[in-house]
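Student: First the structure, then my questions, so here it is.
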Amino acid sequence: MATSTHLLLLLLLGQPWATAGAAMEAVVCADTACYTAHWGKLSADEAQQHCSKNGGKLTTVKSEEEAGHVQRTLAQLLSLQASLAARMGKFWIGLQREKGKCQDPRLPLKGFSWVGGGEDTLYTNWHKEARNSCISKRCVSLLLDLSLTPTTSRLPKWSEGPCGNPVSPGSNIEGFVCKFSFKGMCRPLALGGPGKVTYSTPFQATSSSLDAVPFASMASVACGDGNESTSHYFLCKEKEPNVFEWNSSGPLCVSPDYGCNFNNGGCQQACFEGGDGSFRCGCLPGFRLLDDLVTCASRNPCSSSPCIGEATCVSAPHGTNYTCHCPQGFQVDESQLGCVDVDECQDSPCVQACVNTHGSFRCECWVGYEPSSPGEGACQDVDECALGRSPCTQRCTNTDGSFHCSCEEGYVLAGEDGTQCQDVDECAGPGDSLCDNLCFNTQGSFSCGCLPGMELAPDGVSCIIAPVSLVPLAGAPQEEDNGKRERRPMPSATTLSPTRGPETSFEAVPASRKPPSSTPITSALPETLAPSGAPEVRVNPGTHQPTAATGHRESAGRDSVATQSDDGTDGQKLLLFYILGTVVAILLLLALALGLLVCRRRRAKQAEKKEKMPSNAADSYSWASERAESRATENQYRRGNPHPWKDR
């Protein structure tokens, strides 16, 4: 054992970082990691390479506690400089986002990740919102005012930007921080007399003041006041699993001249002096001295509360060791000091849904189910279609854990949730119409109708020509012929209007009605009857069999009688009326044409006579009878001048 220790010491002394001329650096060790801060205008990749050469990487800042360790390291680095200008400097850390990966504002790290992998931690300290750039690699640095000493109340902010390159490392980049992880730490060496301790770490950093010394570090102890000095070398090694101690015992650099007066003799608790100037270390009641003869440990290993969180400490027999126990619903973590929650839902303890909680779990029912009784894990189906709970507008069918809606005939499901019903317009369907002539859409159904002169067939869809029959009109003038009355055929559904002429209404006869008897039906013609407009359609509920009927509405304030036909004779009367009306119209047109022709002929004759008359000045005079004219002529020639040509 001694031989191997001496060989290890020779190897450590042969390392370049173990020489006396090694430069002092800013280094802080805590827990199981050491942090080093360095000056240097390097890109993020160059800084990472520098850290990896010594077995580390750019530091992580995963918690506020770790941010405090990094801050102490930077404060130590700034204290090594005599004076610094008041400016903002940046120091690289191991938080980066690769090219092509965009920002994710939903995550605490905004899409960035720590160098070397690891979980997406919750702790952040962003200076401002990260830039959403996916076309280039982005790196994070700590923003620090170089003229101010970092304090615990002012942790450095995170600033993201380009990662730089060897030519242009980045704006305001002053250095970087590395992190080195170890399996354990040793206590710092305590001196019982004048001397100096220099620690040389495996990551080529040297320091004289470390709160914890990493495993495999070398300690060089120079005892003496400067005139006479002796050097000793010690190694931090793992004595037992997770137990790290120096390969030495007893106080270092003890001197009878000082005794317990110098640094309490190097003892952790009590120092007892002997009569010859010697001294030894001791412990307070309830503690025992460890093998290094300097450090004290409690006789009750649980007195220092080594267990964390919900874990409770249970000491082993003879008080030499302890174990941490966890309550129900928890189990011991990897460090054997704390507890982690047990996910009971992995064993499927519930009938339906299982929700894991901190230290326990609870059972829940799926959607569409409810607990059968309070405090029990059984679930029963919820009847969504129960009275007052149905979400459907028409029909609701309950199923196991759910339900579904349906509609009555003539409706289809509608709405985003499929609970509403919408009427189907059968008359607007593609292809041929359901009816031969007229189609009337109704809520949940439809009905058919026919044009004047037609009536519905027994199938309620087709139209057939109505048979012609003459129905006498009540109140019309009648003539007696040999003691028998002759009735004039007139349509009973005709209304005479002095201004608008005859108005006619028709009836869409349902297919279920039987043809009427041959007995003629006489109805009185009302004095004033308003037009009925479109036929009134009646639909038997729950069926698609159409039934149509036509009637007349009574005008307010007037006494009018509406005559409805219960058989198929109205269509015949209406057809006869149209035929008679058409004949009368044709006769009127022929008479009008004949009158126009006669007028034109008279005008033509008058014009012909005018053309034959002479056109002279005497046309405007009226002539006397022929006899008088001859007589006057004779007298004129005889009396005045019997020979008038002689005067010329």
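Chain labels follow the order of the structure tokens: the first chain is A, the next B, and so on; residue numbering restarts at 1 in every chain, and ligands are counted from 1 in their shown order.
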Please return, as a ChimeraX atom specification, all residues of range 28-154 of chain A that DSSP assigns to strand (DSSP E) on the basis of the backbone.
Tutor: /A:28-30,33-39,57-58,88-97,113-114,138-145
Student: Would you save the residues of that selection, restricted to N, CA and C atoms, as a compact mmCIF listing (two decimals), in the first residue's frame?
Tutor:
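For reference, selection.txt as written:
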# COMPACT_ATOMS: atom_id res chain seq x y z
N VAL A 28 -13.38 27.60 -7.46
CA VAL A 28 -14.27 27.40 -6.32
C VAL A 28 -14.82 25.98 -6.41
N CYS A 29 -14.72 25.21 -5.30
CA CYS A 29 -15.23 23.85 -5.25
C CYS A 29 -16.33 23.76 -4.20
N ALA A 30 -17.40 23.11 -4.55
CA ALA A 30 -18.53 22.94 -3.64
C ALA A 30 -19.31 21.71 -4.07
N ALA A 33 -18.48 19.41 -7.36
CA ALA A 33 -18.03 20.06 -8.59
C ALA A 33 -17.12 21.23 -8.26
N CYS A 34 -16.25 21.55 -9.20
CA CYS A 34 -15.38 22.72 -9.11
C CYS A 34 -15.61 23.60 -10.33
N TYR A 35 -15.52 24.91 -10.13
CA TYR A 35 -15.76 25.90 -11.18
C TYR A 35 -14.52 26.77 -11.31
N THR A 36 -14.12 27.01 -12.56
CA THR A 36 -12.98 27.87 -12.84
C THR A 36 -13.39 28.96 -13.81
N ALA A 37 -12.92 30.17 -13.56
CA ALA A 37 -13.21 31.32 -14.43
C ALA A 37 -11.92 31.74 -15.11
N HIS A 38 -12.01 32.07 -16.39
CA HIS A 38 -10.81 32.38 -17.19
C HIS A 38 -11.06 33.64 -18.01
N TRP A 39 -9.98 34.42 -18.20
CA TRP A 39 -10.00 35.53 -19.13
C TRP A 39 -9.64 34.99 -20.51
N LYS A 57 -16.18 20.97 -18.99
CA LYS A 57 -17.03 21.54 -20.03
C LYS A 57 -17.48 22.92 -19.56
N LEU A 58 -18.02 23.69 -20.51
CA LEU A 58 -18.58 24.98 -20.12
C LEU A 58 -19.65 24.77 -19.05
N MET A 88 -19.37 46.53 -19.48
CA MET A 88 -20.09 45.26 -19.38
C MET A 88 -19.28 44.19 -20.09
N GLY A 89 -19.08 43.08 -19.44
CA GLY A 89 -18.36 41.95 -20.02
C GLY A 89 -19.22 40.71 -20.02
N LYS A 90 -18.92 39.81 -20.95
CA LYS A 90 -19.67 38.58 -21.08
C LYS A 90 -18.74 37.38 -20.93
N PHE A 91 -19.23 36.33 -20.24
CA PHE A 91 -18.48 35.10 -20.01
C PHE A 91 -19.34 33.92 -20.47
N TRP A 92 -18.78 33.12 -21.38
CA TRP A 92 -19.53 32.01 -21.94
C TRP A 92 -19.90 30.98 -20.88
N ILE A 93 -21.13 30.41 -21.00
CA ILE A 93 -21.55 29.25 -20.24
C ILE A 93 -22.04 28.19 -21.22
N GLY A 94 -22.33 27.00 -20.74
CA GLY A 94 -22.64 25.88 -21.64
C GLY A 94 -24.10 25.76 -22.03
N LEU A 95 -24.76 26.87 -22.39
CA LEU A 95 -26.15 26.84 -22.84
C LEU A 95 -26.19 27.29 -24.29
N GLN A 96 -26.61 26.38 -25.20
CA GLN A 96 -26.55 26.66 -26.63
C GLN A 96 -27.80 26.13 -27.32
N ARG A 97 -28.06 26.68 -28.50
CA ARG A 97 -29.15 26.22 -29.36
C ARG A 97 -28.60 26.01 -30.76
N SER A 113 -30.30 24.15 -24.83
CA SER A 113 -29.96 22.95 -24.06
C SER A 113 -28.53 23.08 -23.55
N TRP A 114 -28.24 22.35 -22.47
CA TRP A 114 -26.91 22.40 -21.86
C TRP A 114 -25.94 21.53 -22.63
N ARG A 138 -26.92 29.68 -31.71
CA ARG A 138 -26.98 30.74 -30.70
C ARG A 138 -26.41 30.20 -29.39
N CYS A 139 -25.66 31.05 -28.68
CA CYS A 139 -25.02 30.67 -27.42
C CYS A 139 -25.35 31.70 -26.34
N VAL A 140 -25.22 31.27 -25.09
CA VAL A 140 -25.59 32.09 -23.94
C VAL A 140 -24.34 32.42 -23.13
N SER A 141 -24.28 33.65 -22.64
CA SER A 141 -23.17 34.10 -21.80
C SER A 141 -23.74 34.83 -20.59
N LEU A 142 -22.91 34.98 -19.56
CA LEU A 142 -23.28 35.72 -18.36
C LEU A 142 -22.89 37.18 -18.53
N LEU A 143 -23.84 38.08 -18.31
CA LEU A 143 -23.61 39.51 -18.47
C LEU A 143 -23.19 40.08 -17.13
N LEU A 144 -21.99 40.71 -17.07
CA LEU A 144 -21.39 41.12 -15.80
C LEU A 144 -20.80 42.52 -15.93
N ASP A 145 -21.06 43.36 -14.91
CA ASP A 145 -20.45 44.68 -14.84
C ASP A 145 -19.07 44.51 -14.20
Student: Give me the residues near Ala26 in chain A as a PyMOL selection string, where near means some atom within 9 Å (using only C-alpha atoms) and where sequence neighbours in that chain fewer than 3 positions away do not count.
Tutor: chain A and resi 35-38+73-78+80+205-207
Student: For Leu191 in chain A, which residue among A:Asn165, A:Asn261, A:Asn125, A:Leu155 is the nearest when counting only C-alpha atoms?
Tutor: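 Comparing A:Asn165, A:Asn261, A:Asn125, A:Leu155 against Leu191 in chain A, the winner is A:Asn261.
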Student: Quick one: everything within 9 Å of range 335-342 of chain A, counting only C-alpha atoms, minus sequence neighbours fewer than 3 positions away in the same chain. Send it as an mmCIF file with N, CA and C atoms, in the first residue's frame.
Tutor:
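To be explicit, this is the file written out as result.cif:
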data_model
loop_
_atom_site.group_PDB
_atom_site.id
_atom_site.type_symbol
_atom_site.label_atom_id
_atom_site.label_comp_id
_atom_site.auth_asym_id
_atom_site.auth_seq_id
_atom_site.Cartn_x
_atom_site.Cartn_y
_atom_site.Cartn_z
ATOM 1 N N PRO A 306 -28.262 13.813 8.350
ATOM 2 C CA PRO A 306 -27.724 13.594 7.006
ATOM 3 C C PRO A 306 -28.794 13.308 5.952
ATOM 4 N N CYS A 307 -29.978 12.845 6.395
ATOM 5 C CA CYS A 307 -31.033 12.503 5.427
ATOM 6 C C CYS A 307 -31.757 13.762 4.958
ATOM 7 N N ILE A 308 -32.306 13.709 3.749
ATOM 8 C CA ILE A 308 -32.889 14.883 3.095
ATOM 9 C C ILE A 308 -34.378 14.661 2.889
ATOM 10 N N GLY A 309 -35.140 15.738 3.030
ATOM 11 C CA GLY A 309 -36.560 15.697 2.699
ATOM 12 C C GLY A 309 -37.357 14.811 3.622
ATOM 13 N N GLU A 310 -38.185 13.943 3.003
ATOM 14 C CA GLU A 310 -39.050 13.063 3.782
ATOM 15 C C GLU A 310 -38.300 11.933 4.452
ATOM 16 N N ALA A 311 -37.016 11.721 4.108
ATOM 17 C CA ALA A 311 -36.246 10.610 4.659
ATOM 18 C C ALA A 311 -35.936 10.843 6.139
ATOM 19 N N THR A 312 -35.970 9.767 6.884
ATOM 20 C CA THR A 312 -35.626 9.795 8.305
ATOM 21 C C THR A 312 -34.373 8.956 8.521
ATOM 22 N N CYS A 313 -33.527 9.399 9.442
ATOM 23 C CA CYS A 313 -32.247 8.747 9.702
ATOM 24 C C CYS A 313 -32.424 7.696 10.793
ATOM 25 N N THR A 323 -28.737 4.690 8.162
ATOM 26 C CA THR A 323 -29.470 4.506 6.902
ATOM 27 C C THR A 323 -30.656 5.466 6.896
ATOM 28 N N CYS A 324 -31.055 5.868 5.705
ATOM 29 C CA CYS A 324 -32.203 6.768 5.524
ATOM 30 C C CYS A 324 -33.405 5.944 5.086
ATOM 31 N N HIS A 325 -34.508 6.118 5.809
ATOM 32 C CA HIS A 325 -35.736 5.400 5.503
ATOM 33 C C HIS A 325 -36.769 6.396 4.974
ATOM 34 N N CYS A 326 -37.607 5.924 4.059
ATOM 35 C CA CYS A 326 -38.638 6.764 3.438
ATOM 36 C C CYS A 326 -40.023 6.282 3.851
ATOM 37 N N PRO A 327 -40.980 7.195 3.966
ATOM 38 C CA PRO A 327 -42.345 6.800 4.326
ATOM 39 C C PRO A 327 -43.030 6.074 3.177
ATOM 40 N N GLN A 328 -44.243 5.579 3.446
ATOM 41 C CA GLN A 328 -44.995 4.861 2.429
ATOM 42 C C GLN A 328 -45.319 5.789 1.260
ATOM 43 N N GLY A 329 -45.152 5.268 0.082
ATOM 44 C CA GLY A 329 -45.367 6.067 -1.128
ATOM 45 C C GLY A 329 -44.086 6.674 -1.664
ATOM 46 N N PHE A 330 -42.956 6.467 -0.986
ATOM 47 C CA PHE A 330 -41.657 6.991 -1.408
ATOM 48 C C PHE A 330 -40.632 5.870 -1.366
ATOM 49 N N GLN A 331 -39.520 6.091 -2.044
ATOM 50 C CA GLN A 331 -38.394 5.168 -2.012
ATOM 51 C C GLN A 331 -37.087 5.964 -2.017
ATOM 52 N N VAL A 332 -36.023 5.349 -1.518
ATOM 53 C CA VAL A 332 -34.736 6.027 -1.398
ATOM 54 C C VAL A 332 -34.168 6.308 -2.782
ATOM 55 N N CYS A 345 -49.352 4.118 -9.926
ATOM 56 C CA CYS A 345 -50.217 3.844 -11.074
ATOM 57 C C CYS A 345 -49.591 2.861 -12.056
ATOM 58 N N ASN A 356 -51.420 9.671 -10.242
ATOM 59 C CA ASN A 356 -50.373 9.612 -9.227
ATOM 60 C C ASN A 356 -50.242 10.963 -8.529
ATOM 61 N N THR A 357 -50.073 10.951 -7.230
ATOM 62 C CA THR A 357 -49.875 12.157 -6.435
ATOM 63 C C THR A 357 -48.582 12.016 -5.637
ATOM 64 N N HIS A 358 -48.201 13.088 -4.942
ATOM 65 C CA HIS A 358 -46.953 13.074 -4.185
ATOM 66 C C HIS A 358 -47.106 12.147 -2.974
ATOM 67 N N GLY A 359 -46.501 10.992 -3.069
ATOM 68 C CA GLY A 359 -46.554 10.032 -1.982
ATOM 69 C C GLY A 359 -47.770 9.148 -1.991
ATOM 70 N N SER A 360 -48.658 9.290 -2.955
ATOM 71 C CA SER A 360 -49.867 8.482 -2.976
ATOM 72 C C SER A 360 -50.432 8.470 -4.390
#
Student: As an exercise, work out the distance from CA of His404 in chain A to CA of Asp381 in chain A in Å and give it to one decimal place.
Tutor: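 These atoms are spaced 14.3 Å apart.
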Student: With only C-alpha atoms as the counted atoms, please give the residues lying no more than 8 Å from Glu426 in chain A, apart from itself and same-chain residues fewer than 6 positions off, as a list of chain:residue names.
Tutor: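 The contact residues come out as A:Leu434, A:Asn441, A:Ser445, A:Phe446.
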Student: Could you name the residues that touch Gly40 in chain A at 9 Å or less, counting only C-alpha atoms, but leaving out those on the same chain fewer than 3 positions away, as a list in words?
Tutor: Ala47, Ile173, Glu174, Gly175 and Phe176 of chain A
Student: If you count only C-alpha atoms, which residues fall within 12 Å of Glu65 in chain A, apart from same-chain ones fewer than 3 positions away, as a PDB file with C-alpha atoms, in the first residue's frame?
Tutor:
ATOM      1  CA  ALA A  30     -18.533  22.936  -3.638  1.00  0.00           C
ATOM      2  CA  ASP A  31     -20.623  19.797  -3.325  1.00  0.00           C
ATOM      3  CA  THR A  60     -24.117  24.743 -16.264  1.00  0.00           C
ATOM      4  CA  VAL A  61     -26.320  27.020 -14.162  1.00  0.00           C
ATOM      5  CA  LYS A  62     -29.183  24.683 -13.333  1.00  0.00           C
ATOM      6  CA  GLY A  68     -24.066  31.408  -6.541  1.00  0.00           C
ATOM      7  CA  HIS A  69     -21.040  29.116  -7.002  1.00  0.00           C
ATOM      8  CA  VAL A  70     -20.409  30.541 -10.477  1.00  0.00           C
ATOM      9  CA  GLN A  71     -20.784  34.064  -9.123  1.00  0.00           C
ATOM     10  CA  ARG A  72     -18.134  33.448  -6.405  1.00  0.00           C
ATOM     11  CA  TYR A 123     -34.177  27.753 -13.334  1.00  0.00           C
ATOM     12  CA  THR A 152     -25.439  37.099  -3.845  1.00  0.00           C
ATOM     13  CA  LEU A 155     -26.729  37.147  -9.861  1.00  0.00           C
TER      14      LEU A 155
END
